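**Student:** One structure follows; several queries about it will come next.
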Amino acid sequence: MGEVRRVGMADLAAGRDPVVLVTIGLGSCVGVALYDDQAKVGGLAHIMLPQANGLPVTNPAKFADTALPLLVKKMEELGADPRRLTAKIAGGAQMFQLAQPTEMMRIGERNTEAVLSWLRVAGIRVVAQDTGGSWGRTIELDTSTGELRVKTIAHGEKRL
């Protein structure tokens, strides 16, 4: 395993093999792992909210609609070709059970929908996902293989 780079909340990073990109604490947030198998370039975004909705954006990594184009750009700078990118996503949980959940409180589901919509429009195929539920996740993207490890406390570990 190569260098490990941590991706914080509302953050993103790209790296070339042998880098491992890691983000912890995905609850309602969605982790988006993009990968170019030929260039061995990966990218990871920790998305907090679906859209900026016209608000001034001081941190583009916070929103799905601004983080994902930026992540693709950073990957292109490392030699990735957007036409070869595939995606794996995890997170988007409903962390709090409410008696009467409002649209606004469905943040995990809305984040997942926004990510999937952006990827579909961009022509990036989603090859695996582990979303929903009511538990947190930590994910690790291995840029040498494209494997995404999804770790949870109560639900074990998955390899996507």
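Lettering and numbering for the structure tokens are positional, with chains as A, B, ... in the shown order, residues counted from 1 in each chain, and ligands counted from 1 in the shown order.
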Contacts between segment 85-90 of chain A and segment 136-156 of chain A, please, where a residue of segment 136-156 of chain A counts if it comes within 8 Å (with only C-alpha atoms); show its shortest atom pair and distance in Å to one decimal, rows by chain and ascending number, as CSV.

**Tutor:**
residue,atom,partner,partner_atom,distance
A:Arg137,CA,A:Ala90,CA,7.6
A:Ile139,CA,A:Ala90,CA,7.7
A:Leu148,CA,A:Lys88,CA,7.3
A:Val150,CA,A:Ala90,CA,7.5

**Student:** From a DSSP pass on the backbone, collect the residues of segment 37-155 of chain A flagged as strand (DSSP E) and hand them back as a PyMOL selection string.

**Tutor:** chain A and resi 41-47+86-91+125-131+137-142+148-151

**Student:** What does the file look like for those residues with C-alpha atoms, as a short mmCIF file (atom, residue, chain, number, x, y, z; two decimals), in the first residue's frame?

**Tutor:**
data_model
loop_
_atom_site.label_atom_id
_atom_site.label_comp_id
_atom_site.auth_asym_id
_atom_site.auth_seq_id
_atom_site.Cartn_x
_atom_site.Cartn_y
_atom_site.Cartn_z
CA VAL A 41 -5.91 7.57 -11.27
CA GLY A 42 -8.55 7.80 -8.58
CA GLY A 43 -10.50 10.57 -6.97
CA LEU A 44 -12.56 10.78 -3.81
CA ALA A 45 -15.09 13.43 -2.74
CA HIS A 46 -16.87 13.69 0.62
CA ILE A 47 -20.13 15.42 -0.39
CA THR A 86 -16.31 4.71 -13.41
CA ALA A 87 -17.91 5.55 -10.08
CA LYS A 88 -18.53 3.81 -6.77
CA ILE A 89 -20.53 5.58 -4.09
CA ALA A 90 -21.22 5.00 -0.39
CA GLY A 91 -23.00 6.80 2.42
CA ARG A 125 -21.15 4.75 -15.10
CA VAL A 126 -21.86 3.77 -11.49
CA VAL A 127 -20.44 0.27 -11.05
CA ALA A 128 -21.16 -0.19 -7.33
CA GLN A 129 -22.89 1.53 -4.46
CA ASP A 130 -23.52 1.01 -0.77
CA THR A 131 -25.96 3.72 0.24
CA ARG A 137 -19.26 4.38 6.89
CA THR A 138 -15.55 4.85 6.28
CA ILE A 139 -14.28 4.27 2.75
CA GLU A 140 -10.85 3.66 1.21
CA LEU A 141 -10.10 3.86 -2.53
CA ASP A 142 -7.02 1.94 -3.64
CA LEU A 148 -13.37 0.64 -2.69
CA ARG A 149 -13.40 -0.76 0.85
CA VAL A 150 -16.49 0.22 2.85
CA LYS A 151 -16.12 -0.22 6.61
#

**Student:** Using only C-alpha atoms, can you tell me which of A:Ala154, A:Ala39, A:Gln94, A:Leu78 comes closest to Arg110 of chain A?

**Tutor:** A:Gln94

**Student:** I need the residue nearest Ala13 of chain A from this list: A:Gln51, A:Thr143, A:Ser134, A:Thr112. Use only C-alpha atoms for the distance.

**Tutor:**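 Among A:Gln51, A:Thr143, A:Ser134, A:Thr112, it is A:Thr143 that comes nearest to Ala13 of chain A.
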
**Student:** In Å, rounded to a single decimal, give me how far atom CA of Gly132 of chain A is from atom CA of Met95 of chain A.

**Tutor:**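 Between atom CA of Met95 of chain A and atom CA of Gly132 of chain A the gap works out to 9.3 Å.
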
**Student:** Could you state the separation of atom CA of Gly133 of chain A and atom CA of Leu26 of chain A in Å, given to one decimal place?

**Tutor:** 11.7 Å

**Student:** What is the atom CA of Gly123 of chain A to atom CA of Ala67 of chain A distance in Å?

**Tutor:**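 So the two atoms, atom CA of Gly123 of chain A and atom CA of Ala67 of chain A, lie 16.1 Å apart.
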
**Student:** I want to know what sits within 10 Å of Ala122 of chain A, based on only C-alpha atoms, with residues of the same chain fewer than 2 positions away left out; could you give that as a PyMOL selection string?

**Tutor:** chain A and resi 68-69+82-83+116-120+124-125

**Student:** Save out the residues we just selected, C-alpha atoms, as a compact mmCIF listing (two decimals), in the first residue's frame.

**Tutor:**
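The resulting file, selection-v3.txt, is reproduced below:
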# COMPACT_ATOMS: atom_id res chain seq x y z
CA LEU A 68 -17.85 16.45 -8.91
CA PRO A 69 -16.79 18.65 -11.85
CA PRO A 82 -13.25 11.37 -18.25
CA ARG A 83 -14.56 8.91 -20.86
CA LEU A 116 -26.38 9.78 -9.20
CA SER A 117 -28.04 12.47 -11.32
CA TRP A 118 -24.77 14.34 -11.90
CA LEU A 119 -22.92 11.14 -12.78
CA ARG A 120 -25.66 10.09 -15.22
CA ILE A 124 -19.95 8.29 -15.76
CA ARG A 125 -21.15 4.75 -15.10

**Student:** Taking only C-alpha atoms into account, which of A:Gly146, A:Gly54, A:Gly31, A:Gly108 comes nearest Leu160 of chain A?

**Tutor:**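 Under the stated criterion, the closest residue is A:Gly146.
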